[in-house]
>>> print(open('start.txt').read())   # compact mmCIF, C-alpha atoms
# COMPACT_ATOMS: atom_id res chain seq x y z
CA MET K 575 111.90 78.62 107.33
CA LYS K 576 115.43 79.94 107.70
CA TYR K 577 116.83 82.19 110.40
CA ALA K 578 119.80 84.47 110.89
CA HIS K 579 121.28 85.92 114.08
CA PHE K 580 122.74 89.40 114.43
CA HIS K 581 124.36 91.17 117.36
CA VAL K 582 124.29 94.95 117.25
CA PRO K 583 126.51 96.55 119.90
CA ALA K 584 124.97 99.37 121.88
CA TRP K 585 127.93 101.57 120.90
CA GLY K 586 129.94 101.48 117.71
CA GLY K 587 130.33 98.82 115.08
CA ASN K 588 128.73 98.42 111.70
CA GLN K 589 126.49 95.47 112.51
CA GLU K 590 123.38 97.66 112.22
CA THR K 591 124.23 98.35 108.57
CA ARG K 592 124.71 94.62 107.95
CA LEU K 593 121.34 93.87 109.60
CA ASN K 594 119.54 96.51 107.52
CA GLU K 595 121.09 95.21 104.29
CA PHE K 596 119.96 91.70 105.19
CA LEU K 597 116.41 92.87 105.97
CA ARG K 598 116.15 94.71 102.62
CA SER K 599 117.27 91.68 100.64
CA HIS K 600 115.10 88.98 102.24
CA ARG K 601 111.41 88.34 102.83
CA VAL K 602 111.25 88.74 106.61
CA ILE K 603 108.66 86.69 108.43
CA GLN K 604 109.45 87.59 112.04
CA VAL K 605 112.08 89.44 114.05
CA GLU K 606 112.84 88.79 117.72
CA ARG K 607 114.91 91.40 119.55
CA HIS K 608 116.48 91.07 122.99
CA PHE K 609 118.83 93.33 124.94
CA VAL K 610 121.87 91.31 125.99
CA VAL K 611 125.08 91.92 127.92
CA THR K 612 127.99 89.73 126.92
CA GLY K 613 130.97 90.43 129.16
CA ASP K 614 131.22 94.22 129.11
CA ALA K 615 129.58 94.59 125.65
CA PRO K 616 125.87 95.47 125.89
CA GLY K 617 123.83 95.36 122.71
CA TRP K 618 120.85 93.96 120.88
CA ALA K 619 120.50 90.38 119.70
CA TYR K 620 118.24 89.94 116.67
CA LEU K 621 116.88 86.62 115.48
CA VAL K 622 115.42 87.06 111.99
CA TYR K 623 113.19 84.40 110.46
CA TYR K 624 113.09 84.77 106.68
CA GLU K 625 112.49 83.25 103.26
CA GLU K 626 114.82 83.67 100.32
CA VAL K 627 113.65 86.18 97.72
CA ASN K 628 114.25 85.77 94.02
CA PRO K 629 115.91 89.10 93.07
CA ASN K 630 114.43 88.89 89.57
CA ALA K 631 110.91 88.62 91.03
CA VAL K 632 111.45 91.79 93.05
CA ALA K 633 112.78 93.66 90.00
CA ASP K 634 109.84 92.43 87.89
CA SER K 635 107.25 93.56 90.45
CA VAL K 636 108.86 97.01 90.69
CA ALA K 637 108.96 97.33 86.90
CA GLU K 638 105.28 96.37 86.63
CA ARG K 639 104.09 99.16 88.95
CA LYS K 640 102.13 101.93 87.33
CA PRO K 641 103.80 105.34 87.44
CA LEU K 642 102.35 107.78 89.97
CA VAL K 643 100.02 110.40 88.58
CA ASP K 644 100.29 114.03 89.66
CA TYR K 645 96.65 115.11 89.52
CA GLN K 646 97.61 118.71 90.28
CA GLU K 647 99.48 118.77 86.96
CA LEU K 648 96.76 116.87 85.14
CA LEU K 649 93.82 119.01 86.32
CA GLY K 650 93.45 122.76 86.23
CA PRO K 651 93.46 124.66 89.56
CA ALA K 652 89.65 124.75 89.89
CA ASP K 653 89.22 121.07 89.01
CA PHE K 654 92.06 120.11 91.34
CA ALA K 655 90.35 121.95 94.22
CA VAL K 656 87.17 119.95 93.57
CA TYR K 657 89.24 116.77 93.34
CA LEU K 658 90.72 117.49 96.79
CA LYS K 659 87.22 118.01 98.25
CA LEU K 660 86.10 114.71 96.73
CA ARG K 661 89.13 112.96 98.21
CA ALA K 662 88.42 114.42 101.66
CA TRP K 663 84.80 113.24 101.42
CA ARG K 664 85.98 109.78 100.26
CA LYS K 665 88.38 109.51 103.20
CA GLU K 666 85.60 110.23 105.70
CA ARG K 667 83.20 107.88 103.90
CA ALA K 668 85.78 105.06 103.88
CA LYS K 669 86.50 105.59 107.56
CA ALA K 670 82.77 105.45 108.39
CA GLU K 671 82.31 102.30 106.30
CA ARG K 672 85.59 100.78 107.53
CA VAL K 673 86.82 100.08 104.01
CA GLU K 674 89.81 101.12 101.93
CA ALA K 675 89.29 104.49 100.26
CA TYR K 676 89.81 103.13 96.75
CA THR K 677 86.75 100.89 97.17
CA ILE K 678 84.59 104.02 97.27
CA PHE K 679 86.20 105.62 94.18
CA THR K 680 89.78 105.49 92.88
CA ASN K 681 91.89 108.64 92.54
CA ALA K 682 91.56 108.37 88.76
CA GLN K 683 87.76 108.20 89.02
CA LEU K 684 87.64 111.22 91.34
CA ALA K 685 89.88 113.18 88.97
CA GLU K 686 87.65 112.29 86.03
CA ILE K 687 84.53 113.27 87.99
CA ALA K 688 86.09 116.65 88.77
CA ARG K 689 87.34 117.12 85.19
CA ARG K 690 83.98 116.28 83.61
CA LYS K 691 82.03 118.27 86.20
CA CYS K 692 79.39 115.54 86.27
CA ALA K 693 75.93 116.97 86.89
CA THR K 694 73.81 113.80 86.83
CA LEU K 695 73.92 110.25 88.12
CA ALA K 696 73.98 109.05 84.51
CA ALA K 697 77.10 111.17 83.86
CA LEU K 698 78.82 109.57 86.85
CA GLN K 699 78.04 106.13 85.51
CA GLU K 700 79.78 106.98 82.22
CA ILE K 701 83.14 107.07 84.03
CA GLU K 702 85.17 103.89 83.64
CA GLY K 703 84.71 101.57 86.63
CA VAL K 704 81.82 103.53 88.14
CA GLY K 705 78.88 101.19 88.01
CA GLU K 706 75.30 101.30 89.13
CA GLY K 707 76.17 100.13 92.65
CA ARG K 708 78.61 102.96 93.32
CA VAL K 709 76.26 105.49 91.80
CA GLU K 710 73.36 104.28 93.94
CA LYS K 711 75.47 104.25 97.10
CA HIS K 712 77.55 107.42 96.66
CA GLY K 713 76.25 109.30 93.63
CA GLU K 714 74.05 111.86 95.38
CA ALA K 715 76.78 112.76 97.86
CA VAL K 716 79.28 113.26 95.02
CA LEU K 717 76.83 115.41 93.04
CA GLU K 718 76.17 117.49 96.16
CA ILE K 719 79.92 118.19 96.51
CA LEU K 720 80.16 119.06 92.82
CA ARG K 721 77.14 121.42 92.94
CA ALA K 722 78.50 123.16 96.06
CA ASN K 723 81.97 123.63 94.58
CA LEU K 724 81.12 124.36 90.97
CA ALA K 725 78.39 126.90 91.70
CA GLY K 726 80.79 129.46 93.13
>>> encode(input="start.txt", output="structure tokens")
Amino acid sequence: MKYAHFHVPAWGGNQETRLNEFLRSHRVIQVERHFVVTGDAPGWAYLVYYEEVNPNAVADSVAERKPLVDYQELLGPADFAVYLKLRAWRKERAKAERVEAYTIFTNAQLAEIARRKCATLAALQEIEGVGEGRVEKHGEAVLEILRANLAG
């Protein structure tokens, strides 16, 4: 493990910019920060433990990311409103179960549920990635939200 030391004066200087550039370009493992006074120059001493990062690996991982989807554009206003209700329910459910929200349903699955206006458990199970387990665990709650919001 490598380390680098930086001193950032309390007033003036461009050492903070240099520190930030270093942090952006390395895989930081740990940072220790201490307030120090050297002579009449108070400031912060940073000890940064890091690993070298292959710049090509970072560029490749960024390029591989899926583009963000704007579900408000993708869905009509009524379907988007249902989608938002489903997301709010999912957030509460995930909090209660202490799991990540996407483990309940992904955004894409919720959008598809809202778009298709699923009325049965079987219809939910037709959505890609929604299996029997999710339908058994969350299907009735989802259908309840859909019935409440599509009836009006």
>>> residues_around(input="start.txt", residues="range 711-714 of chain K", least_positions_apart="3", cutoff="9 Å", atoms="all atoms listed in the file", output="list in words")
Ile678, Thr694, Leu695, Leu698, Gln699, Glu706, Gly707, Arg708, Leu717, Glu718 and Ile719 of chain K
>>> atom_distance(input="start.txt", atom1="CA of Leu649 in chain K", atom2="CA of Leu684 in chain K")
11.1 Å
>>> closest_residue(input="start.txt", among="K:Leu621, K:Val602, K:Val704, K:Ala675", to="Ala662 in chain K", atoms="only C-alpha atoms")
K:Ala675
>>> residues_near_point(input="start.txt", point="(88.1, 116.2, 99.6)", cutoff="12 Å", atoms="all atoms listed in the file", output="NGL selection string")
:K and (653-667 or 675 or 681 or 684-685 or 688 or 715-716 or 719-720 or 723)
>>> atom_distance(input="start.txt", atom1="CA of Arg607 in chain K", atom2="CA of Tyr623 in chain K")
11.6 Å
>>> atom_distance(input="start.txt", atom1="CA of Arg690 in chain K", atom2="CA of Thr677 in chain K")
20.7 Å
>>> build_atoms(input="start.txt", residues="range 673-686 of chain K", atoms="N, CA and C atoms", output="PDB file, in the coordinates of the input")
ATOM      1  N   VAL K 673      86.302 100.689 105.236  1.00  0.00           N
ATOM      2  CA  VAL K 673      86.820 100.080 104.010  1.00  0.00           C
ATOM      3  C   VAL K 673      87.987 100.912 103.510  1.00  0.00           C
ATOM      4  N   GLU K 674      88.734 100.367 102.575  1.00  0.00           N
ATOM      5  CA  GLU K 674      89.810 101.120 101.930  1.00  0.00           C
ATOM      6  C   GLU K 674      89.195 102.204 101.057  1.00  0.00           C
ATOM      7  N   ALA K 675      89.831 103.353 101.005  1.00  0.00           N
ATOM      8  CA  ALA K 675      89.290 104.490 100.260  1.00  0.00           C
ATOM      9  C   ALA K 675      89.060 104.170  98.787  1.00  0.00           C
ATOM     10  N   TYR K 676      89.946 103.417  98.174  1.00  0.00           N
ATOM     11  CA  TYR K 676      89.810 103.130  96.750  1.00  0.00           C
ATOM     12  C   TYR K 676      88.576 102.301  96.425  1.00  0.00           C
ATOM     13  N   THR K 677      87.974 101.653  97.443  1.00  0.00           N
ATOM     14  CA  THR K 677      86.750 100.890  97.170  1.00  0.00           C
ATOM     15  C   THR K 677      85.550 101.809  96.991  1.00  0.00           C
ATOM     16  N   ILE K 678      85.652 103.027  97.473  1.00  0.00           N
ATOM     17  CA  ILE K 678      84.590 104.020  97.270  1.00  0.00           C
ATOM     18  C   ILE K 678      84.720 104.528  95.823  1.00  0.00           C
ATOM     19  N   PHE K 679      85.828 105.185  95.521  1.00  0.00           N
ATOM     20  CA  PHE K 679      86.200 105.620  94.180  1.00  0.00           C
ATOM     21  C   PHE K 679      87.726 105.661  94.144  1.00  0.00           C
ATOM     22  N   THR K 680      88.330 105.380  93.014  1.00  0.00           N
ATOM     23  CA  THR K 680      89.780 105.490  92.880  1.00  0.00           C
ATOM     24  C   THR K 680      90.149 106.962  92.664  1.00  0.00           C
ATOM     25  N   ASN K 681      91.422 107.279  92.823  1.00  0.00           N
ATOM     26  CA  ASN K 681      91.890 108.640  92.540  1.00  0.00           C
ATOM     27  C   ASN K 681      91.587 109.021  91.094  1.00  0.00           C
ATOM     28  N   ALA K 682      91.809 108.082  90.176  1.00  0.00           N
ATOM     29  CA  ALA K 682      91.560 108.370  88.760  1.00  0.00           C
ATOM     30  C   ALA K 682      90.080 108.673  88.520  1.00  0.00           C
ATOM     31  N   GLN K 683      89.199 107.941  89.175  1.00  0.00           N
ATOM     32  CA  GLN K 683      87.760 108.200  89.020  1.00  0.00           C
ATOM     33  C   GLN K 683      87.384 109.561  89.591  1.00  0.00           C
ATOM     34  N   LEU K 684      87.934 109.899  90.752  1.00  0.00           N
ATOM     35  CA  LEU K 684      87.640 111.220  91.340  1.00  0.00           C
ATOM     36  C   LEU K 684      88.149 112.338  90.441  1.00  0.00           C
ATOM     37  N   ALA K 685      89.333 112.157  89.868  1.00  0.00           N
ATOM     38  CA  ALA K 685      89.880 113.180  88.970  1.00  0.00           C
ATOM     39  C   ALA K 685      88.994 113.338  87.746  1.00  0.00           C
ATOM     40  N   GLU K 686      88.515 112.232  87.212  1.00  0.00           N
ATOM     41  CA  GLU K 686      87.650 112.290  86.030  1.00  0.00           C
ATOM     42  C   GLU K 686      86.305 112.925  86.368  1.00  0.00           C
TER      43      GLU K 686
END
